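Take a look at the structure set out below.
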Amino acid sequence: MSASEMGTPGMSAQNVAPADVRDANALLAEIAGIGCDEVRGGYSRPVFGPAELRLRDWFAGHARALGLDVHTDSNGVIWAWWDTGDRADAVVTGSHLDSVPGGGNFDGPLGVASGLAAVARLQEAGFRPARPIAVTVWPEEEGSRFGLACLGSRLATGSADPDTVRALSDDSGASFARAATESGVLDPATIGPDPAALARIGAFVELHVEQGRGLADLDQPVALGGAILAHGRWHVTLTGTGDHAGSTRMADRHDPVFVAAGLIRAVRCQAAAVPEARATVGRLQVTPGGTNVIASRVDAWLDVRHRDDATVRGIVSAIEAAAGQAARAEGCTVTVAEESFSPAVDFDAGLRARLQSVLPDAPVLDTGAGHDAGVLAAAVPTAMLFVRNPTGTSHAPAESARPVDVEAGVAALTRVLTALAG
């Protein structure tokens, strides 16, 4: 972990008056110095890293200041409960605190800060919930450290195998099991399906900064989630023959980097041929990585998304065929391994209709980004609120949300919690 990922000391949540928690903009300002990435820009907050652990403590401190009962479950999910005498049929909100490398300060933390702010406002107004309310933090939503997005929610719902997860490793070779143990967040031996936790959720509403320009184009501050595009991640391994860059003739080369160039071109061409498809190679590793060395291997990670599950797989098959053809021509080999796949998700129609009655002016927008709410949708009724992002840029330092729109998001979430828990 680099020093830049640790960030700089910030204000202690324990020393903040509860009234300050009503302001999500102020909460986000508190954590603006945690996890700054001096190389990439933006923030790098990998799960179980120093920055993410500090943010977990920050959240717990504010939640306890509100009188919420805070605990971390066997999968590393933080629950902050506003109880009503039991924990059945609860209204749950929240998001995540981890980030992609060089990400923005809103993707994840906005939903967590807004959940705290909404509860603080309800308490100040004297609201007495008829249903328990919980604010949650879900770990490793981005999958940026161990390669499996929405890992916490996948474990809870049983869509991720615990043994497989324990064996996952990061770029340094540290396994999930080792990193979890060293962090002190959880015992890796206990991870896995948590039907008891899911049974307590009557409705899950995740607020998130929009990762696109839908709201900006509509000139609206807040939207309801309609659906999440199907999306998956594949690990492509291209194997060739390492050799000397100066002594090996071009005709004698078996260069996997050349094949990788063909792979990337195929990714763009295949996705561009399908309306509303998205396909990306955002990560490459070249082995051994010397300037004067012909590579022996290239590892590439492919991300493909579309509204239709079969279309996603069809695009991947076409990309695999094109990469195979390029590899054979170069005397290389290619393998494609699926790391994760999330089918298209339509959020609960009944819950969305309830939210539309509370927020009648909010448009309904689909999203190409994955979320814990999408994974949880297979087990509990879920919904999403999106807050306007002026440029639509996300997973990058330029991600933004105006203070007035952050405020509009908190106001919308407060109204939703009032309606669902009142």
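Chain identifiers are assigned as A, B, and so on, following the order in which chains appear in the structure tokens; residues are numbered from 1 within each chain, and ligands are numbered from 1 in order of appearance.
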List as a PDB file with C-alpha atoms, in the first residue's frame the protein and nucleic acid residues near region 242-248 of chain A, meaning an atom at most 12 Å away when only C-alpha atoms are counted, but skip any in the same chain fewer than 5 places from it.
ATOM      1  CA  ARG A 253       8.357 -13.362 -33.516  1.00  0.00           C
ATOM      2  CA  HIS A 254       5.475 -14.796 -31.507  1.00  0.00           C
ATOM      3  CA  ASP A 255       4.528 -11.563 -29.786  1.00  0.00           C
ATOM      4  CA  PRO A 256       1.463 -11.553 -27.499  1.00  0.00           C
ATOM      5  CA  VAL A 257       1.497  -7.734 -27.355  1.00  0.00           C
ATOM      6  CA  VAL A 286       2.806  -7.387 -19.864  1.00  0.00           C
ATOM      7  CA  THR A 287       5.318 -10.030 -18.791  1.00  0.00           C
ATOM      8  CA  PRO A 288       8.214  -9.533 -18.265  1.00  0.00           C
ATOM      9  CA  GLY A 289       7.671  -5.853 -19.070  1.00  0.00           C
ATOM     10  CA  GLY A 290      11.126  -4.823 -20.335  1.00  0.00           C
ATOM     11  CA  THR A 291      11.537  -2.150 -22.999  1.00  0.00           C
ATOM     12  CA  ASN A 292      14.040  -4.244 -24.942  1.00  0.00           C
ATOM     13  CA  VAL A 293      12.237  -7.555 -24.423  1.00  0.00           C
ATOM     14  CA  ILE A 294       9.614  -9.255 -26.575  1.00  0.00           C
ATOM     15  CA  ALA A 295       6.900 -10.200 -24.102  1.00  0.00           C
ATOM     16  CA  SER A 296       6.136 -13.819 -23.281  1.00  0.00           C
ATOM     17  CA  ARG A 297       2.653 -13.117 -21.934  1.00  0.00           C
ATOM     18  CA  VAL A 298      -0.044 -10.460 -21.785  1.00  0.00           C
ATOM     19  CA  CYS A 332       0.473 -17.504 -29.867  1.00  0.00           C
TER      20      CYS A 332
END
- Query: What are the DSSP strand (DSSP E or B) residues of region 177-372 of chain A, as a PyMOL selection string?
  - Reply: chain A and resi 201-209+222-228+230-239+243-244+278-287+293-294+297-306+333-342+345-346+364-367
- Pick from A:Gly111, A:Gly202, A:Gly232, A:Gly76 nearest to Leu155 (chain A), counting only C-alpha atoms: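 For Leu155 (chain A), the nearest of the candidates is A:Gly76.
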Would you give me, as CSV, each residue of region 308-412 of chain A having an atom within 7 Å of an atom of region 209-216 of chain A, along with its shortest atom pair and that distance in Å to one decimal, using only C-alpha atoms and sorting by chain and residue number?
residue,atom,partner,partner_atom,distance
A:Ala369,CA,A:Gln211,CA,6.9
A:Phe386,CA,A:Glu210,CA,5.1
A:Val387,CA,A:Val209,CA,4.7
A:Arg388,CA,A:Leu215,CA,5.3
A:Asn389,CA,A:Glu210,CA,5.7
A:Pro390,CA,A:Ala216,CA,5.5
A:Thr391,CA,A:Arg213,CA,6.5
A:Gly392,CA,A:Gly212,CA,4.0
A:Thr393,CA,A:Gly212,CA,6.4
A:Ser394,CA,A:Gln211,CA,5.4
Would you write out those residues with C-alpha atoms, as an mmCIF file, in the first residue's frame?
data_model
loop_
_atom_site.group_PDB
_atom_site.id
_atom_site.type_symbol
_atom_site.label_atom_id
_atom_site.label_comp_id
_atom_site.auth_asym_id
_atom_site.auth_seq_id
_atom_site.Cartn_x
_atom_site.Cartn_y
_atom_site.Cartn_z
ATOM 1 C CA ALA A 369 -22.918 0.461 -13.765
ATOM 2 C CA PHE A 386 -29.298 8.633 -8.648
ATOM 3 C CA VAL A 387 -27.889 12.121 -8.055
ATOM 4 C CA ARG A 388 -26.900 14.310 -11.010
ATOM 5 C CA ASN A 389 -23.274 14.227 -12.151
ATOM 6 C CA PRO A 390 -22.783 17.315 -14.390
ATOM 7 C CA THR A 391 -20.233 15.779 -16.764
ATOM 8 C CA GLY A 392 -21.332 12.161 -16.436
ATOM 9 C CA THR A 393 -17.706 11.193 -15.719
ATOM 10 C CA SER A 394 -17.192 8.498 -13.105
#
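Remark: for Ala379 (chain A), the closest of the candidate residues A:Ile264, A:Val336, A:Ala203, A:Val222 is A:Ala203 (distances computed over only C-alpha atoms).
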- Point out the residue among A:Val21, A:Pro221, A:Val119, A:Asn105 with the least atom-to-atom distance to Gly33 (chain A), counting only C-alpha atoms.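 Closest to Gly33 (chain A), using only C-alpha atoms: A:Asn105.
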- Going by DSSP on the backbone, which bits of region 105-193 of chain A are helix (DSSP H, G or I)? Write them as a ChimeraX atom specification, please. /A:109-124,151-157,162-167,176-183,188-190
Can I get the selection written as a compact mmCIF listing (two decimals), in the first residue's frame, with N, CA and C atoms?
# COMPACT_ATOMS: atom_id res chain seq x y z
N PRO A 109 -19.15 6.75 -1.36
CA PRO A 109 -19.32 7.59 -0.17
C PRO A 109 -20.54 8.50 -0.20
N LEU A 110 -21.00 8.93 -1.38
CA LEU A 110 -22.19 9.78 -1.42
C LEU A 110 -23.39 9.06 -0.82
N GLY A 111 -23.56 7.78 -1.16
CA GLY A 111 -24.69 7.03 -0.63
C GLY A 111 -24.59 6.79 0.86
N VAL A 112 -23.36 6.58 1.36
CA VAL A 112 -23.16 6.37 2.79
C VAL A 112 -23.41 7.66 3.56
N ALA A 113 -22.81 8.77 3.07
CA ALA A 113 -22.99 10.06 3.74
C ALA A 113 -24.46 10.49 3.71
N SER A 114 -25.13 10.25 2.60
CA SER A 114 -26.54 10.63 2.49
C SER A 114 -27.41 9.83 3.44
N GLY A 115 -27.08 8.55 3.63
CA GLY A 115 -27.83 7.73 4.58
C GLY A 115 -27.71 8.26 6.00
N LEU A 116 -26.47 8.63 6.39
CA LEU A 116 -26.28 9.21 7.72
C LEU A 116 -27.04 10.52 7.86
N ALA A 117 -26.93 11.37 6.82
CA ALA A 117 -27.59 12.68 6.88
C ALA A 117 -29.10 12.54 6.96
N ALA A 118 -29.67 11.60 6.22
CA ALA A 118 -31.12 11.41 6.23
C ALA A 118 -31.59 10.96 7.62
N VAL A 119 -30.86 10.03 8.24
CA VAL A 119 -31.24 9.58 9.58
C VAL A 119 -31.14 10.74 10.58
N ALA A 120 -30.08 11.53 10.48
CA ALA A 120 -29.91 12.67 11.38
C ALA A 120 -31.07 13.65 11.25
N ARG A 121 -31.54 13.87 10.03
CA ARG A 121 -32.66 14.80 9.82
C ARG A 121 -33.96 14.24 10.38
N LEU A 122 -34.16 12.96 10.19
CA LEU A 122 -35.36 12.34 10.73
C LEU A 122 -35.37 12.41 12.26
N GLN A 123 -34.21 12.16 12.86
CA GLN A 123 -34.13 12.25 14.31
C GLN A 123 -34.40 13.67 14.79
N GLU A 124 -33.81 14.64 14.12
CA GLU A 124 -34.01 16.03 14.52
C GLU A 124 -35.48 16.45 14.40
N LEU A 151 -18.49 -7.85 -3.89
CA LEU A 151 -18.11 -9.08 -3.23
C LEU A 151 -18.91 -9.31 -1.95
N GLY A 152 -19.12 -8.26 -1.15
CA GLY A 152 -19.87 -8.43 0.09
C GLY A 152 -21.29 -8.88 -0.13
N SER A 153 -21.97 -8.24 -1.10
CA SER A 153 -23.36 -8.62 -1.37
C SER A 153 -23.43 -9.98 -2.07
N ARG A 154 -22.43 -10.32 -2.86
CA ARG A 154 -22.41 -11.64 -3.49
C ARG A 154 -22.24 -12.74 -2.44
N LEU A 155 -21.39 -12.50 -1.46
CA LEU A 155 -21.24 -13.49 -0.39
C LEU A 155 -22.54 -13.64 0.38
N ALA A 156 -23.16 -12.52 0.74
CA ALA A 156 -24.37 -12.57 1.55
C ALA A 156 -25.49 -13.32 0.85
N THR A 157 -25.60 -13.13 -0.48
CA THR A 157 -26.69 -13.77 -1.22
C THR A 157 -26.35 -15.17 -1.70
N PRO A 162 -17.58 -19.13 -1.05
CA PRO A 162 -16.63 -18.70 -0.02
C PRO A 162 -15.20 -19.21 -0.24
N ASP A 163 -15.06 -20.47 -0.63
CA ASP A 163 -13.72 -21.01 -0.85
C ASP A 163 -13.01 -20.28 -1.99
N THR A 164 -13.77 -19.98 -3.05
CA THR A 164 -13.19 -19.24 -4.16
C THR A 164 -12.76 -17.85 -3.71
N VAL A 165 -13.61 -17.19 -2.93
CA VAL A 165 -13.29 -15.84 -2.45
C VAL A 165 -12.07 -15.85 -1.55
N ARG A 166 -11.97 -16.80 -0.64
CA ARG A 166 -10.82 -16.85 0.26
C ARG A 166 -9.51 -16.97 -0.51
N ALA A 167 -9.55 -17.61 -1.68
CA ALA A 167 -8.33 -17.84 -2.46
C ALA A 167 -8.01 -16.70 -3.42
N PHE A 176 -7.31 -12.94 -0.30
CA PHE A 176 -8.41 -12.32 0.43
C PHE A 176 -8.37 -12.75 1.89
N ALA A 177 -8.16 -14.04 2.12
CA ALA A 177 -8.14 -14.55 3.49
C ALA A 177 -7.07 -13.86 4.32
N ARG A 178 -5.89 -13.71 3.76
CA ARG A 178 -4.81 -13.05 4.50
C ARG A 178 -5.12 -11.58 4.74
N ALA A 179 -5.58 -10.88 3.70
CA ALA A 179 -5.86 -9.46 3.85
C ALA A 179 -6.97 -9.21 4.85
N ALA A 180 -8.01 -10.05 4.82
CA ALA A 180 -9.11 -9.89 5.76
C ALA A 180 -8.63 -10.11 7.19
N THR A 181 -7.82 -11.13 7.38
CA THR A 181 -7.31 -11.43 8.72
C THR A 181 -6.44 -10.29 9.24
N GLU A 182 -5.53 -9.80 8.41
CA GLU A 182 -4.62 -8.74 8.84
C GLU A 182 -5.35 -7.44 9.11
N SER A 183 -6.46 -7.20 8.40
CA SER A 183 -7.22 -5.97 8.61
C SER A 183 -7.98 -5.99 9.92
N PRO A 188 -11.99 -14.76 7.85
CA PRO A 188 -12.33 -15.33 6.54
C PRO A 188 -12.98 -16.69 6.60
N ALA A 189 -12.83 -17.39 7.72
CA ALA A 189 -13.45 -18.71 7.85
C ALA A 189 -14.97 -18.61 7.95
N THR A 190 -15.49 -17.42 8.28
CA THR A 190 -16.94 -17.28 8.52
C THR A 190 -17.70 -16.69 7.34
- Item | Counting only C-alpha atoms, the residue of A:Trp58, A:Trp301, A:Phe347, A:Phe258 that sits nearest His235 (chain A) | A:Trp301
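Picture a line from CA of Leu168 (chain A) to CA of Ile191 (chain A); it runs 13.3 Å.
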Selection: 8 Å around Thr136 (chain A), only C-alpha atoms, excl. self and same-chain fewer than 3 positions, as a PDB file with C-alpha atoms, in the first residue's frame:
ATOM      1  CA  VAL A  77     -20.789  -5.525   5.999  1.00  0.00           C
ATOM      2  CA  ILE A  78     -21.279  -2.694   8.520  1.00  0.00           C
ATOM      3  CA  TRP A  79     -24.825  -2.305   9.862  1.00  0.00           C
ATOM      4  CA  ALA A  80     -25.886   0.815  11.773  1.00  0.00           C
ATOM      5  CA  VAL A  92     -32.099  -0.361   4.654  1.00  0.00           C
ATOM      6  CA  THR A  93     -29.996   2.166   2.780  1.00  0.00           C
ATOM      7  CA  GLY A  94     -26.272   2.675   2.235  1.00  0.00           C
ATOM      8  CA  SER A  95     -23.547   1.991  -0.303  1.00  0.00           C
ATOM      9  CA  VAL A 112     -23.157   6.369   2.794  1.00  0.00           C
TER      10      VAL A 112
END
Report as CSV: every residue of region 52-152 of chain A with an atom at most 6 Å from region 395-404 of chain A, its closest pair of atoms, and their distance in Å to one decimal, counting only C-alpha atoms, with rows sorted by chain and ascending residue number.
residue,atom,partner,partner_atom,distance
A:Gly102,CA,A:Ala396,CA,5.9
A:Gly103,CA,A:Ala396,CA,4.4
A:Gly104,CA,A:Pro397,CA,4.7
- Ala327 (chain A) surroundings by only C-alpha atoms, 9 Å radius, close-in-sequence under 2 positions cut, as a PyMOL selection string: chain A and resi 238-240+254-256+258-260+262+322-325+329-334
Got time to write the residues from that selection, N, CA and C atoms, as a PDB file, in the first residue's frame?
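Below you can see part_11.pdb, which holds the result:
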ATOM      1  N   LEU A 238      -2.912 -14.091 -23.080  1.00  0.00           N
ATOM      2  CA  LEU A 238      -2.261 -14.261 -24.381  1.00  0.00           C
ATOM      3  C   LEU A 238      -0.826 -14.702 -24.126  1.00  0.00           C
ATOM      4  N   THR A 239      -0.453 -15.868 -24.663  1.00  0.00           N
ATOM      5  CA  THR A 239       0.867 -16.437 -24.397  1.00  0.00           C
ATOM      6  C   THR A 239       1.652 -16.553 -25.690  1.00  0.00           C
ATOM      7  N   GLY A 240       2.882 -16.060 -25.662  1.00  0.00           N
ATOM      8  CA  GLY A 240       3.765 -16.130 -26.831  1.00  0.00           C
ATOM      9  C   GLY A 240       5.142 -16.610 -26.430  1.00  0.00           C
ATOM     10  N   HIS A 254       6.781 -14.329 -31.992  1.00  0.00           N
ATOM     11  CA  HIS A 254       5.475 -14.796 -31.507  1.00  0.00           C
ATOM     12  C   HIS A 254       5.103 -13.866 -30.350  1.00  0.00           C
ATOM     13  N   ASP A 255       4.644 -12.686 -30.722  1.00  0.00           N
ATOM     14  CA  ASP A 255       4.528 -11.563 -29.786  1.00  0.00           C
ATOM     15  C   ASP A 255       3.094 -11.397 -29.286  1.00  0.00           C
ATOM     16  N   PRO A 256       2.834 -11.682 -28.011  1.00  0.00           N
ATOM     17  CA  PRO A 256       1.463 -11.553 -27.499  1.00  0.00           C
ATOM     18  C   PRO A 256       0.994 -10.103 -27.404  1.00  0.00           C
ATOM     19  N   PHE A 258       1.379  -7.916 -29.776  1.00  0.00           N
ATOM     20  CA  PHE A 258       0.767  -7.677 -31.084  1.00  0.00           C
ATOM     21  C   PHE A 258      -0.642  -8.272 -31.116  1.00  0.00           C
ATOM     22  N   VAL A 259      -0.791  -9.436 -30.532  1.00  0.00           N
ATOM     23  CA  VAL A 259      -2.118 -10.060 -30.463  1.00  0.00           C
ATOM     24  C   VAL A 259      -3.044  -9.225 -29.583  1.00  0.00           C
ATOM     25  N   ALA A 260      -2.511  -8.676 -28.494  1.00  0.00           N
ATOM     26  CA  ALA A 260      -3.318  -7.837 -27.606  1.00  0.00           C
ATOM     27  C   ALA A 260      -3.864  -6.617 -28.345  1.00  0.00           C
ATOM     28  N   GLY A 262      -4.689  -6.547 -31.460  1.00  0.00           N
ATOM     29  CA  GLY A 262      -5.829  -7.045 -32.227  1.00  0.00           C
ATOM     30  C   GLY A 262      -7.035  -7.311 -31.342  1.00  0.00           C
ATOM     31  N   ALA A 322     -12.172 -13.545 -32.556  1.00  0.00           N
ATOM     32  CA  ALA A 322     -11.237 -12.642 -33.230  1.00  0.00           C
ATOM     33  C   ALA A 322      -9.853 -12.723 -32.598  1.00  0.00           C
ATOM     34  N   ALA A 323      -9.799 -12.804 -31.250  1.00  0.00           N
ATOM     35  CA  ALA A 323      -8.506 -12.916 -30.581  1.00  0.00           C
ATOM     36  C   ALA A 323      -7.834 -14.239 -30.917  1.00  0.00           C
ATOM     37  N   GLY A 324      -8.627 -15.314 -31.018  1.00  0.00           N
ATOM     38  CA  GLY A 324      -8.071 -16.607 -31.376  1.00  0.00           C
ATOM     39  C   GLY A 324      -7.466 -16.605 -32.761  1.00  0.00           C
ATOM     40  N   GLN A 325      -8.149 -15.957 -33.693  1.00  0.00           N
ATOM     41  CA  GLN A 325      -7.629 -15.869 -35.059  1.00  0.00           C
ATOM     42  C   GLN A 325      -6.317 -15.097 -35.094  1.00  0.00           C
ATOM     43  N   ALA A 329      -2.418 -16.632 -35.990  1.00  0.00           N
ATOM     44  CA  ALA A 329      -1.600 -16.026 -37.044  1.00  0.00           C
ATOM     45  C   ALA A 329      -0.225 -15.622 -36.527  1.00  0.00           C
ATOM     46  N   GLU A 330      -0.143 -15.329 -35.238  1.00  0.00           N
ATOM     47  CA  GLU A 330       1.119 -14.888 -34.651  1.00  0.00           C
ATOM     48  C   GLU A 330       1.866 -16.031 -33.969  1.00  0.00           C
ATOM     49  N   GLY A 331       1.261 -17.235 -33.956  1.00  0.00           N
ATOM     50  CA  GLY A 331       1.894 -18.354 -33.280  1.00  0.00           C
ATOM     51  C   GLY A 331       1.785 -18.262 -31.766  1.00  0.00           C
ATOM     52  N   CYS A 332       0.723 -17.636 -31.308  1.00  0.00           N
ATOM     53  CA  CYS A 332       0.473 -17.504 -29.867  1.00  0.00           C
ATOM     54  C   CYS A 332      -0.788 -18.275 -29.493  1.00  0.00           C
ATOM     55  N   THR A 333      -1.065 -18.323 -28.203  1.00  0.00           N
ATOM     56  CA  THR A 333      -2.292 -18.957 -27.725  1.00  0.00           C
ATOM     57  C   THR A 333      -3.090 -17.955 -26.897  1.00  0.00           C
ATOM     58  N   VAL A 334      -4.394 -18.213 -26.797  1.00  0.00           N
ATOM     59  CA  VAL A 334      -5.267 -17.330 -26.024  1.00  0.00           C
ATOM     60  C   VAL A 334      -6.240 -18.170 -25.208  1.00  0.00           C
TER      61      VAL A 334
END
- Item | Which residue of A:Glu276, A:Asp20, A:Glu206, A:Asp217 approaches Ala412 (chain A) most closely, using only C-alpha atoms | A:Glu206
- Would you please work out which residue, of A:Asp299, A:Glu52, A:Asp308, A:Asp194, is nearest to Ala337 (chain A) when using only C-alpha atoms? A:Asp299
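Reported to one decimal place, the separation of CA of Val375 (chain A) from CA of Gln356 (chain A) is 22.0 Å.
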- Message: Can you measure CA of Leu365 (chain A) to CA of Gly226 (chain A) for me? One decimal in Å is fine.
- Response: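 Spanning CA of Leu365 (chain A) to CA of Gly226 (chain A) is a straight-line distance of 5.2 Å.
Around Asp89 (chain A), within 12 Å and counting only C-alpha atoms, the residues found are Asp83, Thr84, Gly85, Asp86, Val92, Pro129, Ala130, Arg131, Pro132, Ile133, Ala134, Ala196, Ala197, Leu198, Ala199, Arg200, Ile201, Gly202, Ala203, Phe204, Val380, Pro381, Leu420 and Ala421 of chain A, once anything fewer than 3 positions away on its own chain is removed.
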- Near Ser99 (chain A), counting only C-alpha atoms, which residues have an atom at most 10 Å away, once you skip same-chain residues fewer than 3 positions from it, shown as a list in words?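 Neighbouring residues, sequence-local ones excluded: Gly35, Gly42, Tyr43, Ser44, Arg45, Pro46, Val47, Ala51, Glu52, His96, Gly102, Gly103, Gly104, Asn105, Phe106, Asp107, Gly108, Pro109, Glu140, Glu141, Glu142, Gly143, Ser144, Arg145 and His395 of chain A.
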